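The file structure.pdb comes next; it holds PDB, C-alpha atoms.
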```pdb
MODEL        1
ATOM      1  CA  MET A   1      85.688  28.895 113.969
ATOM      2  CA  LYS A   2      85.300  31.663 111.424
ATOM      3  CA  TRP A   3      87.241  29.698 108.921
ATOM      4  CA  GLU A   4      85.054  26.749 109.335
ATOM      5  CA  ARG A   5      82.019  28.902 109.037
ATOM      6  CA  HIS A   6      83.429  30.556 105.986
ATOM      7  CA  GLU A   7      84.285  27.211 104.501
ATOM      8  CA  GLU A   8      80.825  25.896 105.281
ATOM      9  CA  LYS A   9      79.316  28.962 103.653
ATOM     10  CA  THR A  10      81.461  28.579 100.607
ATOM     11  CA  SER A  11      80.716  24.926 100.453
ATOM     12  CA  GLU A  12      77.052  25.674 100.795
ATOM     13  CA  LYS A  13      77.312  28.297  98.070
ATOM     14  CA  ALA A  14      79.186  25.901  95.892
ATOM     15  CA  VAL A  15      76.567  23.227  96.490
ATOM     16  CA  GLU A  16      73.834  25.724  95.759
ATOM     17  CA  ALA A  17      75.615  26.914  92.624
ATOM     18  CA  GLU A  18      76.198  23.327  91.550
ATOM     19  CA  GLU A  19      72.590  22.517  92.229
ATOM     20  CA  LYS A  20      71.525  25.593  90.241
ATOM     21  CA  THR A  21      73.803  24.705  87.385
ATOM     22  CA  SER A  22      72.581  21.118  87.460
ATOM     23  CA  GLU A  23      69.045  22.344  87.561
ATOM     24  CA  LYS A  24      69.772  24.732  84.690
ATOM     25  CA  ALA A  25      71.470  21.923  82.792
ATOM     26  CA  VAL A  26      68.520  19.641  83.461
ATOM     27  CA  GLU A  27      66.132  22.339  82.416
ATOM     28  CA  ALA A  28      68.193  23.075  79.306
ATOM     29  CA  GLU A  29      68.412  19.379  78.553
ATOM     30  CA  GLU A  30      64.675  19.043  79.099
ATOM     31  CA  LYS A  31      64.049  22.023  76.850
ATOM     32  CA  THR A  32      66.370  20.678  74.173
ATOM     33  CA  SER A  33      64.775  17.258  74.452
ATOM     34  CA  GLU A  34      61.335  18.796  74.255
ATOM     35  CA  LYS A  35      62.426  20.859  71.251
ATOM     36  CA  ALA A  36      63.946  17.767  69.651
ATOM     37  CA  VAL A  37      60.750  15.822  70.342
ATOM     38  CA  GLU A  38      58.656  18.626  68.955
ATOM     39  CA  ALA A  39      60.924  18.915  65.926
ATOM     40  CA  GLU A  40      60.855  15.154  65.492
ATOM     41  CA  GLU A  41      57.054  15.169  65.844
ATOM     42  CA  LYS A  42      56.823  17.982  63.312
ATOM     43  CA  THR A  43      59.140  16.208  60.885
ATOM     44  CA  SER A  44      57.213  12.947  61.363
ATOM     45  CA  GLU A  45      53.936  14.761  60.819
ATOM     46  CA  LYS A  46      55.328  16.436  57.709
ATOM     47  CA  ALA A  47      56.660  13.089  56.503
ATOM     48  CA  VAL A  48      53.267  11.460  57.166
ATOM     49  CA  GLU A  49      51.489  14.293  55.371
ATOM     50  CA  ALA A  50      53.927  14.106  52.455
ATOM     51  CA  GLU A  51      53.531  10.318  52.349
ATOM     52  CA  GLU A  52      49.743  10.655  52.478
ATOM     53  CA  LYS A  53      49.854  13.235  49.696
ATOM     54  CA  THR A  54      52.122  11.071  47.572
ATOM     55  CA  SER A  55      49.923   8.042  48.241
ATOM     56  CA  GLU A  56      46.819  10.036  47.346
ATOM     57  CA  LYS A  57      48.501  11.289  44.181
ATOM     58  CA  ALA A  58      49.603   7.746  43.363
ATOM     59  CA  VAL A  59      46.051   6.457  43.970
ATOM     60  CA  GLU A  60      44.584   9.229  41.829
ATOM     61  CA  ALA A  61      47.114   8.563  39.067
ATOM     62  CA  GLU A  62      46.399   4.821  39.278
ATOM     63  CA  GLU A  63      42.655   5.486  39.160
ATOM     64  CA  LYS A  64      43.097   7.759  36.152
ATOM     65  CA  THR A  65      45.258   5.203  34.360
ATOM     66  CA  SER A  66      42.750   2.402  35.168
ATOM     67  CA  GLU A  67      39.872   4.581  33.912
ATOM     68  CA  LYS A  68      41.792   5.360  30.739
ATOM     69  CA  ALA A  69      42.608   1.682  30.290
ATOM     70  CA  VAL A  70      38.917   0.750  30.820
ATOM     71  CA  GLU A  71      37.787   3.415  28.352
ATOM     72  CA  ALA A  72      40.351   2.282  25.791
ATOM     73  CA  GLU A  73      39.290  -1.360  26.286
ATOM     74  CA  GLU A  74      35.611  -0.385  25.922
ATOM     75  CA  LYS A  75      36.373   1.546  22.758
ATOM     76  CA  THR A  76      38.352  -1.357  21.291
ATOM     77  CA  SER A  77      35.570  -3.822  22.231
ATOM     78  CA  GLU A  78      32.939  -1.540  20.659
ATOM     79  CA  LYS A  79      35.031  -1.224  17.510
ATOM     80  CA  ALA A  80      35.533  -4.988  17.427
ATOM     81  CA  VAL A  81      31.754  -5.548  17.868
ATOM     82  CA  GLU A  82      30.965  -3.019  15.130
ATOM     83  CA  ALA A  83      33.507  -4.610  12.803
ATOM     84  CA  GLU A  84      32.088  -8.082  13.552
ATOM     85  CA  GLU A  85      28.525  -6.835  12.925
ATOM     86  CA  LYS A  86      29.569  -5.254   9.632
ATOM     87  CA  THR A  87      31.329  -8.443   8.519
ATOM     88  CA  SER A  88      28.305 -10.557   9.527
ATOM     89  CA  GLU A  89      25.951  -8.191   7.647
ATOM     90  CA  LYS A  90      28.179  -8.324   4.576
ATOM     91  CA  ALA A  91      28.320 -12.123   4.797
ATOM     92  CA  VAL A  92      24.501 -12.290   5.116
ATOM     93  CA  GLU A  93      24.031  -9.936   2.149
ATOM     94  CA  ALA A  94      26.497 -11.928   0.058
ATOM     95  CA  GLU A  95      24.735 -15.187   0.993
ATOM     96  CA  GLU A  96      21.333 -13.672   0.130
ATOM     97  CA  LYS A  97      22.648 -12.460  -3.215
ATOM     98  CA  THR A  98      24.129 -15.862  -4.017
ATOM     99  CA  SER A  99      20.884 -17.606  -2.990
ATOM    100  CA  GLU A 100      18.830 -15.193  -5.138
ATOM    101  CA  LYS A 101      21.140 -15.770  -8.095
ATOM    102  CA  ALA A 102      20.907 -19.524  -7.591
ATOM    103  CA  VAL A 103      17.088 -19.326  -7.403
ATOM    104  CA  GLU A 104      16.944 -17.168 -10.548
ATOM    105  CA  ALA A 105      19.265 -19.536 -12.397
ATOM    106  CA  GLU A 106      17.169 -22.530 -11.289
ATOM    107  CA  GLU A 107      13.954 -20.764 -12.365
ATOM    108  CA  LYS A 108      15.472 -19.934 -15.750
ATOM    109  CA  THR A 109      16.630 -23.518 -16.257
ATOM    110  CA  SER A 110      13.233 -24.867 -15.204
ATOM    111  CA  GLU A 111      11.471 -22.418 -17.568
ATOM    112  CA  LYS A 112      13.778 -23.423 -20.419
ATOM    113  CA  ALA A 113      13.183 -27.092 -19.658
ATOM    114  CA  VAL A 114       9.397 -26.529 -19.574
ATOM    115  CA  GLU A 115       9.521 -24.582 -22.841
ATOM    116  CA  ALA A 116      11.645 -27.280 -24.485
ATOM    117  CA  GLU A 117       9.281 -29.985 -23.210
ATOM    118  CA  GLU A 118       6.259 -28.012 -24.460
ATOM    119  CA  LYS A 119       7.892 -27.563 -27.867
ATOM    120  CA  THR A 120       8.759 -31.251 -28.088
ATOM    121  CA  SER A 121       5.232 -32.232 -26.982
ATOM    122  CA  GLU A 122       3.710 -29.831 -29.526
ATOM    123  CA  LYS A 123       5.952 -31.221 -32.265
ATOM    124  CA  ALA A 124       5.070 -34.767 -31.238
ATOM    125  CA  VAL A 125       1.333 -33.908 -31.229
ATOM    126  CA  GLU A 126       1.636 -32.244 -34.646
ATOM    127  CA  ALA A 127       3.548 -35.194 -36.041
ATOM    128  CA  GLU A 128       0.995 -37.609 -34.574
ATOM    129  CA  GLU A 129      -1.865 -35.547 -36.002
ATOM    130  CA  LYS A 130      -0.221 -35.476 -39.409
ATOM    131  CA  THR A 131       0.403 -39.216 -39.347
ATOM    132  CA  SER A 132      -3.157 -39.893 -38.131
ATOM    133  CA  GLU A 133      -4.563 -37.628 -40.863
ATOM    134  CA  LYS A 134      -2.462 -39.391 -43.488
ATOM    135  CA  ALA A 135      -3.525 -42.767 -42.127
ATOM    136  CA  VAL A 136      -7.195 -41.695 -42.083
ATOM    137  CA  GLN A 137      -6.972 -40.373 -45.623
ATOM    138  CA  ALA A 138      -5.228 -43.521 -46.824
ATOM    139  CA  GLU A 139      -7.778 -45.727 -45.058
ATOM    140  CA  GLU A 140     -10.651 -43.665 -46.467
ATOM    141  CA  LYS A 141      -9.220 -44.047 -49.945
ATOM    142  CA  THR A 142      -8.708 -47.782 -49.491
ATOM    143  CA  SER A 143     -12.194 -48.204 -47.967
ATOM    144  CA  GLU A 144     -13.741 -46.202 -50.816
ATOM    145  CA  LYS A 145     -11.878 -48.285 -53.383
ATOM    146  CA  ALA A 146     -12.924 -51.489 -51.619
ATOM    147  CA  VAL A 147     -16.580 -50.322 -51.454
ATOM    148  CA  GLU A 148     -16.538 -49.371 -55.123
ATOM    149  CA  ALA A 149     -14.986 -52.677 -56.091
ATOM    150  CA  GLU A 150     -17.480 -54.546 -53.908
ATOM    151  CA  GLU A 151     -20.376 -52.584 -55.405
ATOM    152  CA  LYS A 152     -19.170 -53.357 -58.907
ATOM    153  CA  THR A 153     -18.773 -57.042 -58.135
ATOM    154  CA  SER A 154     -22.156 -57.207 -56.405
ATOM    155  CA  GLU A 155     -23.786 -55.436 -59.355
ATOM    156  CA  THR A 156     -22.242 -57.892 -61.804
ATOM    157  CA  VAL A 157     -23.338 -60.825 -59.647
ATOM    158  CA  VAL A 158     -26.904 -59.472 -59.387
ATOM    159  CA  GLU A 159     -27.052 -58.834 -63.099
ATOM    160  CA  ALA A 160     -25.824 -62.355 -63.824
ATOM    161  CA  GLU A 161     -28.362 -63.825 -61.432
ATOM    162  CA  GLU A 162     -31.126 -61.715 -62.930
ATOM    163  CA  LYS A 163     -30.216 -62.835 -66.416
ATOM    164  CA  THR A 164     -30.188 -66.495 -65.419
ATOM    165  CA  SER A 165     -33.387 -66.260 -63.392
ATOM    166  CA  GLU A 166     -35.505 -64.455 -65.982
ATOM    167  CA  LYS A 167     -38.560 -66.486 -67.091
ATOM    168  CA  VAL A 168     -41.468 -65.778 -69.400
ATOM    169  CA  VAL A 169     -44.879 -66.097 -67.797
ATOM    170  CA  GLU A 170     -48.175 -66.016 -69.694
ATOM    171  CA  ARG A 171     -51.016 -63.974 -68.289
ATOM    172  CA  MET A 172     -54.709 -64.774 -68.446
ATOM    173  CA  ASP A 173     -55.239 -62.210 -71.189
ATOM    174  CA  GLY A 174     -52.634 -63.889 -73.353
ATOM    175  CA  THR A 175     -49.776 -61.418 -72.777
ATOM    176  CA  LYS A 176     -46.352 -62.560 -71.741
ATOM    177  CA  GLU A 177     -44.063 -61.043 -69.076
ATOM    178  CA  ALA A 178     -40.511 -61.735 -68.031
ATOM    179  CA  THR A 179     -40.275 -62.219 -64.252
ATOM    180  CA  ARG A 180     -37.505 -62.534 -61.721
ATOM    181  CA  PRO A 181     -38.606 -64.856 -58.972
ATOM    182  CA  ARG A 182     -36.271 -63.539 -56.278
ATOM    183  CA  ILE A 183     -37.061 -59.908 -56.852
ATOM    184  CA  ARG A 184     -40.773 -60.606 -57.191
ATOM    185  CA  HIS A 185     -40.748 -62.605 -53.960
ATOM    186  CA  ARG A 186     -39.002 -59.743 -52.170
ATOM    187  CA  CYS A 187     -41.433 -57.194 -53.552
ATOM    188  CA  LYS A 188     -44.377 -59.361 -52.431
ATOM    189  CA  GLU A 189     -42.981 -59.516 -48.921
ATOM    190  CA  LYS A 190     -42.581 -55.712 -48.862
ATOM    191  CA  THR A 191     -46.129 -55.156 -50.081
ATOM    192  CA  MET A 192     -47.440 -57.520 -47.470
ATOM    193  CA  THR A 193     -45.681 -55.685 -44.652
ATOM    194  CA  SER A 194     -46.168 -52.083 -45.810
ATOM    195  CA  GLY A 195     -49.249 -52.397 -48.022
ATOM    196  CA  LYS A 196     -47.630 -50.390 -50.862
ATOM    197  CA  PRO A 197     -45.511 -51.793 -53.639
ATOM    198  CA  THR A 198     -41.953 -50.468 -53.751
ATOM    199  CA  PRO A 199     -40.075 -49.785 -56.961
ATOM    200  CA  LYS A 200     -37.606 -52.350 -58.051
ATOM    201  CA  ARG A 201     -33.979 -51.615 -57.267
ATOM    202  CA  ARG A 202     -31.131 -53.195 -59.087
ATOM    203  CA  GLY A 203     -27.682 -53.658 -57.694
ATOM    204  CA  ARG A 204     -26.343 -53.270 -54.187
ATOM    205  CA  PRO A 205     -28.327 -50.734 -52.126
ATOM    206  CA  ARG A 206     -26.496 -47.480 -51.417
ATOM    207  CA  ARG A 207     -25.729 -46.337 -47.910
ATOM    208  CA  SER A 208     -28.054 -43.717 -46.489
ATOM    209  CA  ILE A 209     -26.877 -40.331 -45.164
ATOM    210  CA  ALA A 210     -27.098 -41.549 -41.586
ATOM    211  CA  ASP A 211     -24.998 -44.625 -42.443
ATOM    212  CA  ALA A 212     -22.556 -42.595 -44.508
ATOM    213  CA  ALA A 213     -22.050 -40.016 -41.735
ATOM    214  CA  PRO A 214     -18.931 -40.740 -39.723
ATOM    215  CA  LYS A 215     -19.465 -41.882 -36.159
ATOM    216  CA  LYS A 216     -17.620 -40.059 -33.417
ATOM    217  CA  SER A 217     -15.482 -42.327 -31.319
ATOM    218  CA  ASP A 218     -12.943 -41.831 -28.594
ATOM    219  CA  CYS A 219     -10.510 -44.022 -30.500
ATOM    220  CA  THR A 220     -10.411 -41.798 -33.634
ATOM    221  CA  PRO A 221      -8.107 -38.754 -33.462
ATOM    222  CA  HIS A 222     -10.175 -36.658 -35.931
ATOM    223  CA  ALA A 223     -13.805 -37.747 -36.115
ATOM    224  CA  SER A 224     -14.867 -34.641 -38.055
ATOM    225  CA  LYS A 225     -12.634 -35.457 -41.070
ATOM    226  CA  GLY A 226     -14.010 -38.969 -41.568
ATOM    227  CA  ARG A 227     -14.438 -42.254 -39.841
ATOM    228  CA  GLY A 228     -10.729 -42.697 -39.329
ATOM    229  CA  LYS A 229      -8.853 -45.753 -38.226
ATOM    230  CA  ARG A 230      -9.705 -46.972 -34.791
ATOM    231  CA  LYS A 231      -6.695 -47.732 -32.705
ATOM    232  CA  CYS A 232      -8.596 -50.002 -30.348
ATOM    233  CA  GLU A 233      -9.973 -52.379 -33.029
ATOM    234  CA  PRO A 234      -8.589 -53.795 -36.322
ATOM    235  CA  SER A 235      -9.779 -52.541 -39.709
ATOM    236  CA  GLN A 236     -12.846 -54.268 -41.126
ATOM    237  CA  TRP A 237     -12.423 -56.555 -44.110
ATOM    238  CA  VAL A 238     -15.574 -57.345 -46.085
ATOM    239  CA  GLN A 239     -15.704 -60.937 -47.331
ATOM    240  CA  THR A 240     -17.382 -61.394 -50.717
ATOM    241  CA  PRO A 241     -17.464 -64.313 -53.125
ATOM    242  CA  PHE A 242     -14.693 -62.621 -55.140
ATOM    243  CA  THR A 243     -12.488 -61.645 -52.170
ATOM    244  CA  ARG A 244     -12.912 -64.869 -50.216
ATOM    245  CA  GLY A 245      -9.582 -66.438 -49.341
ATOM    246  CA  LYS A 246      -7.620 -63.274 -50.230
ATOM    247  CA  LYS A 247      -5.656 -61.094 -47.791
ATOM    248  CA  PRO A 248      -6.391 -57.378 -47.507
ATOM    249  CA  LYS A 249      -3.856 -54.969 -48.967
ATOM    250  CA  THR A 250      -2.144 -52.907 -46.284
ATOM    251  CA  LYS A 251       0.467 -50.184 -46.560
ATOM    252  CA  ALA A 252       3.883 -51.095 -45.197
TER
ENDMDL
END
```
Show me the file's structure as structure tokens.
Amino acid sequence: MKWERHEEKTSEKAVEAEEKTSEKAVEAEEKTSEKAVEAEEKTSEKAVEAEEKTSEKAVEAEEKTSEKAVEAEEKTSEKAVEAEEKTSEKAVEAEEKTSEKAVEAEEKTSEKAVEAEEKTSEKAVEAEEKTSEKAVQAEEKTSEKAVEAEEKTSETVVEAEEKTSEKVVERMDGTKEATRPRIRHRCKEKTMTSGKPTPKRRGRPRRSIADAAPKKSDCTPHASKGRGKRKCEPSQWVQTPFTRGKKPKTKA
């Protein structure tokens, strides 16, 4: 009986010791597992923090690089715009200079052309004036010669007629007088119209000052220097008994 009791006690003690050891083992295992979990949690937290830090650093570095790239691109675009503006300004200035030079050259050529045209017109006017003056002088000389010749011929004709028409008429008192019927008839007509006898004139009557004065006409180039040749009408040719059937002399 004692042995059984002793064995039961020992078995109970062994069970209790085994239970204690198992409990201790479980507790130790639980502690180690808790420690491992805590360590794992700590390591995971540290890893997450390190990853977050690295990601933040990477984001910051990427942002910095993107900002630098944007700034560099802005600078290059600004430089390109400035260079383009400078080139456009230079092109505009060069075009303005070329246009100004072209305008100046055109003005100079037009001025030279106008001056040359004025000189040629002046020379033509001078030449025309000289030729008109020469023509007027030549016509005046020819007209004067023709008038003189006509006056001479008319005087000779009148003298011949007077000589042939002279008659001797006896007066009541016995005196005799040589008369010219034509001239006497003309003088009678003048005395009848005016009431005063006019002196006898022999030869062709001279032109008065009013008739001799040159008439101004639009056709004559120089009316002050003489009658001049009219361009709009032919020269007058006086027909006389001595020049009848003859052609007027003209300069070639």
Point-to-point distance from atom CA of Glu140 of chain A to atom CA of Glu128 of chain A, Å rounded to tenths: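 Interatomic distance, atom CA of Glu140 of chain A to atom CA of Glu128 of chain A: 17.7 Å.
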Atom pair atom CA of Thr153 of chain A / atom CA of Thr240 of chain A: separation (Å):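 The value is 8.7 Å.
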Quick one: what's the axis-aligned box for segment 121-126 of chain A, all listed atoms, 6 Å on every side, centre and edges in Å to one decimal, as AutoDock Vina command-line options?
```
--center_x 3.6 --center_y -32.3 --center_z -30.8 --size_x 16.6 --size_y 16.9 --size_z 19.7
```
